[in-house]
$ cat entry.csv   # CSV, C-alpha atoms
chain,number,residue,atom,x,y,z
A,1,MET,CA,78.9,141.7,114.8
A,2,PRO,CA,77.4,143.8,117.6
A,3,ALA,CA,78.2,142.6,121.2
A,4,GLU,CA,74.4,142.2,121.7
A,5,LEU,CA,74.5,139.3,119.3
A,6,ALA,CA,77.5,137.5,120.7
A,7,VAL,CA,77.0,133.9,121.8
A,8,GLY,CA,77.0,134.9,125.4
A,9,ALA,CA,74.1,137.3,124.9
A,10,LEU,CA,72.2,134.8,122.7
A,11,GLY,CA,72.5,132.3,125.6
A,12,ASN,CA,70.6,134.6,127.9
A,13,LEU,CA,67.7,135.5,125.7
A,14,THR,CA,64.0,134.7,125.5
A,15,TYR,CA,62.9,132.5,122.6
A,16,GLN,CA,59.4,131.7,121.3
A,17,GLY,CA,58.0,128.9,119.1
A,18,ILE,CA,59.8,126.1,120.9
A,19,LEU,CA,57.6,125.2,123.8
A,20,ASP,CA,54.0,126.2,124.5
A,21,MET,CA,55.3,129.4,126.1
A,22,PRO,CA,58.3,131.7,125.7
A,23,ILE,CA,61.4,130.4,127.4
A,24,THR,CA,64.4,132.3,128.7
A,25,LEU,CA,67.8,130.8,128.5
A,26,ASN,CA,70.2,131.3,131.4
A,27,GLY,CA,73.8,130.6,130.4
A,28,GLY,CA,72.6,128.9,127.2
A,29,ARG,CA,70.1,126.6,128.9
A,30,PHE,CA,66.5,126.4,130.0
A,31,ASP,CA,65.2,123.7,132.4
A,32,GLY,CA,61.4,123.6,132.8
A,33,GLU,CA,59.2,122.1,135.3
A,34,PRO,CA,58.0,118.5,134.8
A,35,ALA,CA,54.8,118.2,132.8
A,36,VAL,CA,53.5,115.8,135.5
A,37,GLU,CA,54.3,116.5,139.1
A,38,GLY,CA,57.0,114.1,140.4
A,39,SER,CA,58.0,113.1,136.9
A,40,ALA,CA,61.7,112.8,136.1
A,41,GLY,CA,61.2,114.1,132.6
A,42,HIS,CA,61.1,117.8,132.1
A,43,PRO,CA,61.5,120.2,129.1
A,44,ARG,CA,65.1,121.3,128.5
A,45,VAL,CA,66.3,123.7,125.8
A,46,THR,CA,70.0,124.3,125.0
A,47,LEU,CA,71.7,126.8,122.7
A,48,LEU,CA,74.1,125.1,120.3
A,49,PRO,CA,76.8,127.8,120.2
A,50,GLU,CA,78.9,126.1,117.5
A,51,SER,CA,76.0,126.7,115.1
A,52,THR,CA,75.6,130.4,114.8
A,53,ALA,CA,75.7,132.6,111.7
A,54,TYR,CA,75.6,136.4,111.2
A,55,GLY,CA,74.3,138.6,108.4
A,56,ASP,CA,71.5,141.0,107.4
A,57,LEU,CA,68.2,139.0,107.3
A,58,ASN,CA,65.6,141.7,107.5
A,59,GLY,CA,67.0,144.3,105.1
A,60,ASP,CA,67.9,147.0,107.7
A,61,GLY,CA,71.6,146.9,106.8
A,62,ARG,CA,72.6,145.7,110.3
A,63,PRO,CA,73.7,142.2,111.3
A,64,ASP,CA,71.2,139.6,112.5
A,65,SER,CA,71.9,136.2,113.9
A,66,ALA,CA,70.7,132.7,113.2
A,67,VAL,CA,71.1,130.2,116.1
A,68,MET,CA,70.3,126.6,116.7
A,69,LEU,CA,68.6,125.3,119.8
A,70,ALA,CA,68.0,121.7,120.9
A,71,ALA,CA,64.8,120.9,122.8
A,72,GLU,CA,64.1,117.8,124.8
A,73,SER,CA,60.8,117.0,126.6
A,74,GLY,CA,61.9,114.0,128.6
A,75,GLY,CA,61.3,111.4,125.8
A,76,SER,CA,63.7,110.0,123.3
A,77,GLY,CA,63.5,112.9,120.8
A,78,THR,CA,65.8,115.9,120.6
A,79,PHE,CA,64.2,118.5,118.4
A,80,VAL,CA,66.4,121.0,116.7
A,81,TYR,CA,65.1,124.6,116.1
A,82,MET,CA,66.5,127.5,114.2
A,83,ALA,CA,65.9,131.0,115.6
A,84,VAL,CA,66.5,134.4,114.1
A,85,VAL,CA,67.7,137.1,116.5
A,86,THR,CA,67.7,140.8,115.4
A,87,LEU,CA,68.3,144.0,117.2
A,88,GLU,CA,65.3,146.2,118.2
A,89,ASP,CA,66.3,149.5,119.9
A,90,GLY,CA,69.7,148.0,120.5
A,91,ARG,CA,68.4,145.0,122.3
A,92,PRO,CA,68.5,141.4,120.9
A,93,VAL,CA,65.0,140.0,120.2
A,94,ASN,CA,64.0,136.6,118.9
A,95,LEU,CA,62.2,137.5,115.6
A,96,ALA,CA,61.3,134.0,114.3
A,97,THR,CA,61.8,130.3,115.1
A,98,THR,CA,61.2,127.1,113.1
A,99,GLN,CA,61.7,123.4,113.9
A,100,LEU,CA,64.2,121.6,111.6
A,101,GLY,CA,63.6,118.1,112.8
A,102,ASP,CA,64.1,115.4,115.4
A,103,ARG,CA,67.7,114.3,116.0
A,104,VAL,CA,69.0,116.1,112.9
A,105,GLN,CA,72.6,117.2,112.9
A,106,VAL,CA,73.6,120.7,111.8
A,107,LYS,CA,76.6,120.5,109.5
A,108,GLU,CA,76.8,124.1,108.2
A,109,LEU,CA,74.9,127.3,108.8
A,110,ALA,CA,75.4,130.5,106.9
A,111,ILE,CA,73.6,133.7,106.0
A,112,GLU,CA,74.0,134.5,102.3
A,113,ASN,CA,72.2,137.2,100.3
A,114,GLY,CA,69.7,137.8,103.1
A,115,GLN,CA,68.8,134.2,103.4
A,116,ILE,CA,69.8,131.4,105.8
A,117,VAL,CA,71.4,128.3,104.3
A,118,VAL,CA,71.5,125.3,106.6
A,119,THR,CA,73.0,121.9,105.7
A,120,LEU,CA,71.7,119.1,107.9
A,121,LEU,CA,72.2,115.3,108.3
A,122,THR,CA,68.6,114.0,108.3
A,123,GLN,CA,67.2,110.5,108.5
A,124,GLY,CA,67.0,108.8,105.2
A,125,PRO,CA,64.2,106.3,104.4
A,126,ASP,CA,66.0,103.4,106.0
A,127,ASP,CA,67.8,105.2,108.8
A,128,PRO,CA,66.9,104.8,112.5
A,129,MET,CA,66.1,108.1,114.2
A,130,CYS,CA,69.4,107.9,116.1
A,131,CYS,CA,71.6,107.8,113.1
A,132,PRO,CA,70.8,110.2,110.3
A,133,THR,CA,72.9,109.7,107.1
A,134,GLN,CA,71.1,111.8,104.4
A,135,THR,CA,72.6,115.3,103.7
A,136,GLU,CA,70.0,118.0,103.0
A,137,THR,CA,70.4,121.7,102.3
A,138,ARG,CA,67.5,124.1,103.1
A,139,VAL,CA,67.2,127.8,102.4
A,140,TYR,CA,65.0,130.1,104.6
A,141,ARG,CA,64.1,133.7,104.5
A,142,VAL,CA,62.5,136.0,107.1
A,143,GLU,CA,59.0,137.3,106.2
A,144,GLY,CA,57.7,139.5,109.0
A,145,SER,CA,58.1,137.4,112.1
A,146,GLU,CA,58.2,134.0,110.3
A,147,LEU,CA,60.9,131.9,108.8
A,148,ILE,CA,59.8,130.6,105.4
A,149,GLN,CA,61.6,127.7,103.6
A,150,VAL,CA,62.2,128.7,100.0
A,151,ASP,CA,64.4,125.8,98.8
A,152,GLY,CA,65.4,122.3,99.8
A,153,GLU,CA,63.8,119.3,101.3
A,154,GLY,CA,61.8,119.1,104.6

$ encode --input "entry.csv" --output "structure tokens"
Amino acid sequence: MPAELAVGALGNLTYQGILDMPITLNGGRFDGEPAVEGSAGHPRVTLLPESTAYGDLNGDGRPDSAVMLAAESGGSGTFVYMAVVTLEDGRPVNLATTQLGDRVQVKELAIENGQIVVTLLTQGPDDPMCCPTQTETRVYRVEGSELIQVDGEG
């Protein structure tokens, strides 16, 4: 794995597709301005460093990274996103991002045969949002600058 894709570097990168604008993490975290002046609620995005996988996702023969980020906007939800980071001219760049769900829990993340395999705990039909119990495995592939789900629920 190149040093440019180490968790420390991923925690100081600009990501798109999470908020209405690109956000830049600093030390694995972004704290935005309140949507309403004087409001206590403000957007926050945090890198989940324990959920990182490495492997070739774009077919260039070099390692890429899949990372998880949690986004909160001040309400009760915590939305989990998966982002792909690749190297362009030796610099890490967020290539694609997709939302996995509200308050889902990442159990496993791997890159296998050029695809991302993520196992999540999601809310079953009778689960409250706080307490997911249903295991779900999804498979994604990179197409251009998008993550496309090719297998699994969701």

$ residues_around --input "entry.csv" --residues "region 95-104 of chain A" --least-positions-apart "6" --cutoff "9 Å" --atoms "only C-alpha atoms" --output "PyMOL selection string"
chain A and resi 15-18+70+77-86+120-123+129-132+142+144-148+154

$ atom_distance --input "entry.csv" --atom1 "CA of Ala3 (chain A)" --atom2 "CA of Arg62 (chain A)"
12.6 Å

$ atom_distance --input "entry.csv" --atom1 "CA of Ala9 (chain A)" --atom2 "CA of Pro22 (chain A)"
16.8 Å

$ residues_around --input "entry.csv" --residues "region 37-54 of chain A" --least-positions-apart "3" --cutoff "6 Å" --atoms "only C-alpha atoms" --output "JSON, numbers by chain"
{"A": [28, 29, 30, 31, 32, 33, 34, 64, 65, 66, 67, 68, 69, 70, 71, 72, 73, 74, 110]}

$ residues_around --input "entry.csv" --residues "Gly114 (chain A)" --least-positions-apart "6" --cutoff "8 Å" --atoms "all atoms listed in the file" --output "tab-separated table (two decimals) with C-alpha atoms, in the coordinates of the input"
chain	number	residue	atom	x	y	z
A	55	GLY	CA	74.30	138.60	108.40
A	56	ASP	CA	71.50	141.00	107.40
A	57	LEU	CA	68.20	139.00	107.30
A	58	ASN	CA	65.60	141.70	107.50
A	59	GLY	CA	67.00	144.30	105.10
A	141	ARG	CA	64.10	133.70	104.50

$ atom_distance --input "entry.csv" --atom1 "CA of Val118 (chain A)" --atom2 "CA of Thr137 (chain A)"
5.7 Å
